[in-house]
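S.K.: Below is the structure I would like to discuss, written out as C-alpha cells.
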Amino acid sequence: MLPMRRPLPPWVCAIVVAARLVVAARPVAPLASSASERLVVLFGRAGAGKTTVADAALELVEAPCFGLDLDCCVPDWMRDNFNKGIYPTLEERAAFAATACDHVAAALAARGGACLVSFSFVNEDLRAHFRARFPRAAWLLLDTPPRVADERIRRREG
C-alpha cells in the first residue's frame, strides 16, 4: 500500500476512481486483442499531479496493471533545452514520440496486463502519434489550474 500522510483531496479520489474503472473495464492479457486496449493514458500539464494520481490508482486497481512515467524517455539534450526555454521541433518531437511509443509497446509485450501511462502530452502532435499507435487507449485529462500546478512545481524544485 501507498503510505498516506493525509487523505487524498476529493478531485484526486475522483480521478483515481475513473482510472480504476477504465483499467478494470479493459480486457487484460491474454484476453485483449491489442496492446492499445490495455493502455490508459493520464495526461496534464507539469505539476497537475499525474504521478500522484497514477501511483494511487495503481494501488487501488485489482487487475494486473503497471505504470509507466514517460519522463524516462525524454533525452537529456531535450531536458537541458527545456530548462533554457528551447523547445523541440516537430521532427524532434516525432522522433521522441516514436521512441516513447516503442517503450510502451515493449513494456506491454514484456509485462502483460494493463498499463497506466503518465505524461504531460502538452503538444497535440505528441497525442496524435500515441493515438495513431494505440488507437483504443483510454485518455484521462488531469486538468489542474495553472496557479496550483505552478505552486506544486515550486515546491518540488525547492
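Residues in the C-alpha cells are named by chain (A, B, ... in the order shown) and by number from 1 within that chain; ligands are numbered from 1 in the order shown.
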So that I can see what lies close to A:Ala128, please list as a VMD selection string the residues with an atom at most 12 Å from it, counting only C-alpha atoms and leaving out residues fewer than 5 positions away in the same chain.
M.R.: chain A and resid 93 to 94 97 to 98 101 121 to 123 133 to 135 137 139
S.K.: For the residues in that selection, give me all heavy atoms as a tab-separated table (two decimals), in the first residue's frame.
M.R.:
chain	number	residue	atom	x	y	z
A	93	ARG	N	10.13	16.11	-31.94
A	93	ARG	CA	9.02	15.56	-31.15
A	93	ARG	C	8.51	14.26	-31.76
A	93	ARG	O	8.16	13.33	-31.04
A	93	ARG	CB	7.88	16.58	-31.01
A	93	ARG	CG	8.24	17.73	-30.08
A	93	ARG	CD	7.04	18.48	-29.57
A	93	ARG	NE	6.10	18.95	-30.55
A	93	ARG	CZ	6.06	20.19	-31.03
A	93	ARG	NH1	6.92	21.09	-30.61
A	93	ARG	NH2	5.15	20.53	-31.91
A	94	ALA	N	8.51	14.17	-33.10
A	94	ALA	CA	8.08	12.93	-33.76
A	94	ALA	C	9.04	11.79	-33.41
A	94	ALA	O	8.60	10.67	-33.14
A	94	ALA	CB	8.00	13.13	-35.27
A	97	ALA	N	8.34	10.80	-29.86
A	97	ALA	CA	7.08	10.06	-29.78
A	97	ALA	C	7.27	8.62	-30.24
A	97	ALA	O	6.75	7.68	-29.61
A	97	ALA	CB	6.00	10.74	-30.61
A	98	ALA	N	8.03	8.42	-31.31
A	98	ALA	CA	8.28	7.05	-31.80
A	98	ALA	C	9.02	6.23	-30.75
A	98	ALA	O	8.67	5.07	-30.48
A	98	ALA	CB	9.07	7.10	-33.11
A	101	CYS	N	6.60	5.53	-27.82
A	101	CYS	CA	5.62	4.51	-28.21
A	101	CYS	C	6.26	3.13	-28.20
A	101	CYS	O	5.64	2.16	-27.73
A	101	CYS	CB	5.05	4.81	-29.60
A	101	CYS	SG	3.83	6.13	-29.66
A	121	PHE	N	2.00	15.28	-22.40
A	121	PHE	CA	1.37	15.33	-23.72
A	121	PHE	C	0.80	16.71	-24.00
A	121	PHE	O	-0.34	16.86	-24.46
A	121	PHE	CB	0.25	14.27	-23.85
A	121	PHE	CG	0.76	12.87	-23.97
A	121	PHE	CD1	0.74	12.03	-22.87
A	121	PHE	CD2	1.27	12.39	-25.16
A	121	PHE	CE1	1.21	10.73	-22.96
A	121	PHE	CE2	1.75	11.10	-25.26
A	121	PHE	CZ	1.72	10.27	-24.16
A	122	VAL	N	1.61	17.74	-23.75
A	122	VAL	CA	1.14	19.12	-23.93
A	122	VAL	C	0.95	19.48	-25.40
A	122	VAL	O	0.17	20.37	-25.71
A	122	VAL	CB	2.07	20.16	-23.25
A	122	VAL	CG1	2.07	19.99	-21.75
A	122	VAL	CG2	3.48	20.08	-23.81
A	123	ASN	N	1.64	18.80	-26.28
A	123	ASN	CA	1.54	19.11	-27.71
A	123	ASN	C	0.58	18.13	-28.39
A	123	ASN	O	0.69	16.93	-28.22
A	123	ASN	CB	2.92	19.01	-28.38
A	123	ASN	CG	3.91	19.95	-27.75
A	123	ASN	OD1	4.72	19.54	-26.93
A	123	ASN	ND2	3.84	21.22	-28.10
A	133	ARG	N	-0.72	5.13	-32.82
A	133	ARG	CA	-0.08	3.86	-32.45
A	133	ARG	C	-0.97	3.01	-31.54
A	133	ARG	O	-0.96	1.79	-31.62
A	133	ARG	CB	1.26	4.17	-31.76
A	133	ARG	CG	2.06	2.98	-31.36
A	133	ARG	CD	2.86	2.38	-32.50
A	133	ARG	NE	3.69	1.30	-32.06
A	133	ARG	CZ	4.98	1.40	-31.74
A	133	ARG	NH1	5.60	2.56	-31.87
A	133	ARG	NH2	5.64	0.36	-31.33
A	134	PHE	N	-1.72	3.67	-30.65
A	134	PHE	CA	-2.58	2.98	-29.68
A	134	PHE	C	-4.01	3.53	-29.81
A	134	PHE	O	-4.48	4.24	-28.92
A	134	PHE	CB	-2.04	3.17	-28.26
A	134	PHE	CG	-0.61	2.75	-28.08
A	134	PHE	CD1	0.40	3.70	-27.99
A	134	PHE	CD2	-0.27	1.41	-28.01
A	134	PHE	CE1	1.73	3.31	-27.82
A	134	PHE	CE2	1.05	1.01	-27.84
A	134	PHE	CZ	2.05	1.96	-27.75
A	135	PRO	N	-4.70	3.20	-30.89
A	135	PRO	CA	-5.99	3.85	-31.17
A	135	PRO	C	-7.11	3.55	-30.18
A	135	PRO	O	-8.06	4.31	-30.10
A	135	PRO	CB	-6.35	3.33	-32.58
A	135	PRO	CG	-5.57	2.06	-32.73
A	135	PRO	CD	-4.32	2.25	-31.92
A	137	ALA	N	-6.65	3.20	-26.85
A	137	ALA	CA	-6.26	3.60	-25.49
A	137	ALA	C	-7.30	4.55	-24.92
A	137	ALA	O	-7.94	5.31	-25.65
A	137	ALA	CB	-4.89	4.27	-25.50
A	139	TRP	N	-7.98	7.82	-22.62
A	139	TRP	CA	-7.25	9.03	-22.23
A	139	TRP	C	-8.00	9.75	-21.12
A	139	TRP	O	-9.21	9.98	-21.22
A	139	TRP	CB	-7.10	9.96	-23.44
A	139	TRP	CG	-6.13	9.45	-24.45
A	139	TRP	CD1	-6.31	8.41	-25.31
A	139	TRP	CD2	-4.82	9.95	-24.70
A	139	TRP	NE1	-5.19	8.23	-26.08
A	139	TRP	CE2	-4.26	9.16	-25.73
A	139	TRP	CE3	-4.06	10.98	-24.15
A	139	TRP	CZ2	-2.97	9.38	-26.21
A	139	TRP	CZ3	-2.79	11.21	-24.65
A	139	TRP	CH2	-2.25	10.41	-25.66
S.K.: Using DSSP on the backbone coordinates, identify the residues of stretch 48-124 of chain A assigned to helix (DSSP H, G or I); present them as a PyMOL selection string.
M.R.: chain A and resi 50-60+70-73+76-83+90-111+124
S.K.: Determine, counting only C-alpha atoms, which protein, DNA and RNA residues have an atom within 10 Å of an atom of A:Phe66; residues of the same chain fewer than 4 positions away are not included. Present the result as a list in words.
M.R.: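 Residues meeting the cut-off are Leu39, Ala54, Asp55, Leu58, Glu59, Val61, Ala107, Leu108, Arg111, Gly112, Gly113, Ala114, Cys115, Leu116 and Val117 of chain A.
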S.K.: Pick out the closest residue to A:Ala105 from this set: A:Arg45, A:Arg38, A:Arg156, A:Arg79. Count only C-alpha atoms.
M.R.: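 Between A:Arg45, A:Arg38, A:Arg156, A:Arg79, the residue approaching A:Ala105 most closely is A:Arg38.
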S.K.: Find the residue from A:Ala132, A:Ala109, A:Val40, A:Val74 that sits nearest to A:Phe96; use only C-alpha atoms when measuring.
M.R.: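 Among A:Ala132, A:Ala109, A:Val40, A:Val74, it is A:Val74 that comes nearest to A:Phe96.
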S.K.: What's the 12 Å shell around A:Pro75, counting only C-alpha atoms, without same-chain residues fewer than 2 positions away, as a PyMOL selection string?
M.R.: chain A and resi 70-73+77-82+88+92-93+95-97+99-100
S.K.: Write out, as a short mmCIF file (atom, residue, chain, number, x, y, z; two decimals), in the first residue's frame, the residues just selected, with C-alpha atoms.
M.R.:
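Here's the written file again15.cif:
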data_model
loop_
_atom_site.label_atom_id
_atom_site.label_comp_id
_atom_site.auth_asym_id
_atom_site.auth_seq_id
_atom_site.Cartn_x
_atom_site.Cartn_y
_atom_site.Cartn_z
CA LEU A 70 7.27 8.62 -19.90
CA ASP A 71 9.56 11.25 -18.42
CA CYS A 72 12.14 8.44 -18.54
CA CYS A 73 12.02 8.64 -22.35
CA TRP A 77 19.55 17.15 -24.52
CA MET A 78 15.81 17.83 -24.68
CA ARG A 79 15.58 18.26 -20.92
CA ASP A 80 18.55 20.66 -20.95
CA ASN A 81 16.94 22.68 -23.74
CA PHE A 82 13.61 22.85 -21.87
CA PRO A 88 11.99 20.67 -29.77
CA GLU A 92 12.38 16.08 -32.87
CA ARG A 93 9.02 15.56 -31.15
CA ALA A 95 11.33 11.05 -33.03
CA PHE A 96 10.66 11.29 -29.29
CA ALA A 97 7.08 10.06 -29.78
CA THR A 99 10.80 6.13 -29.09
CA ALA A 100 8.23 6.57 -26.31
#
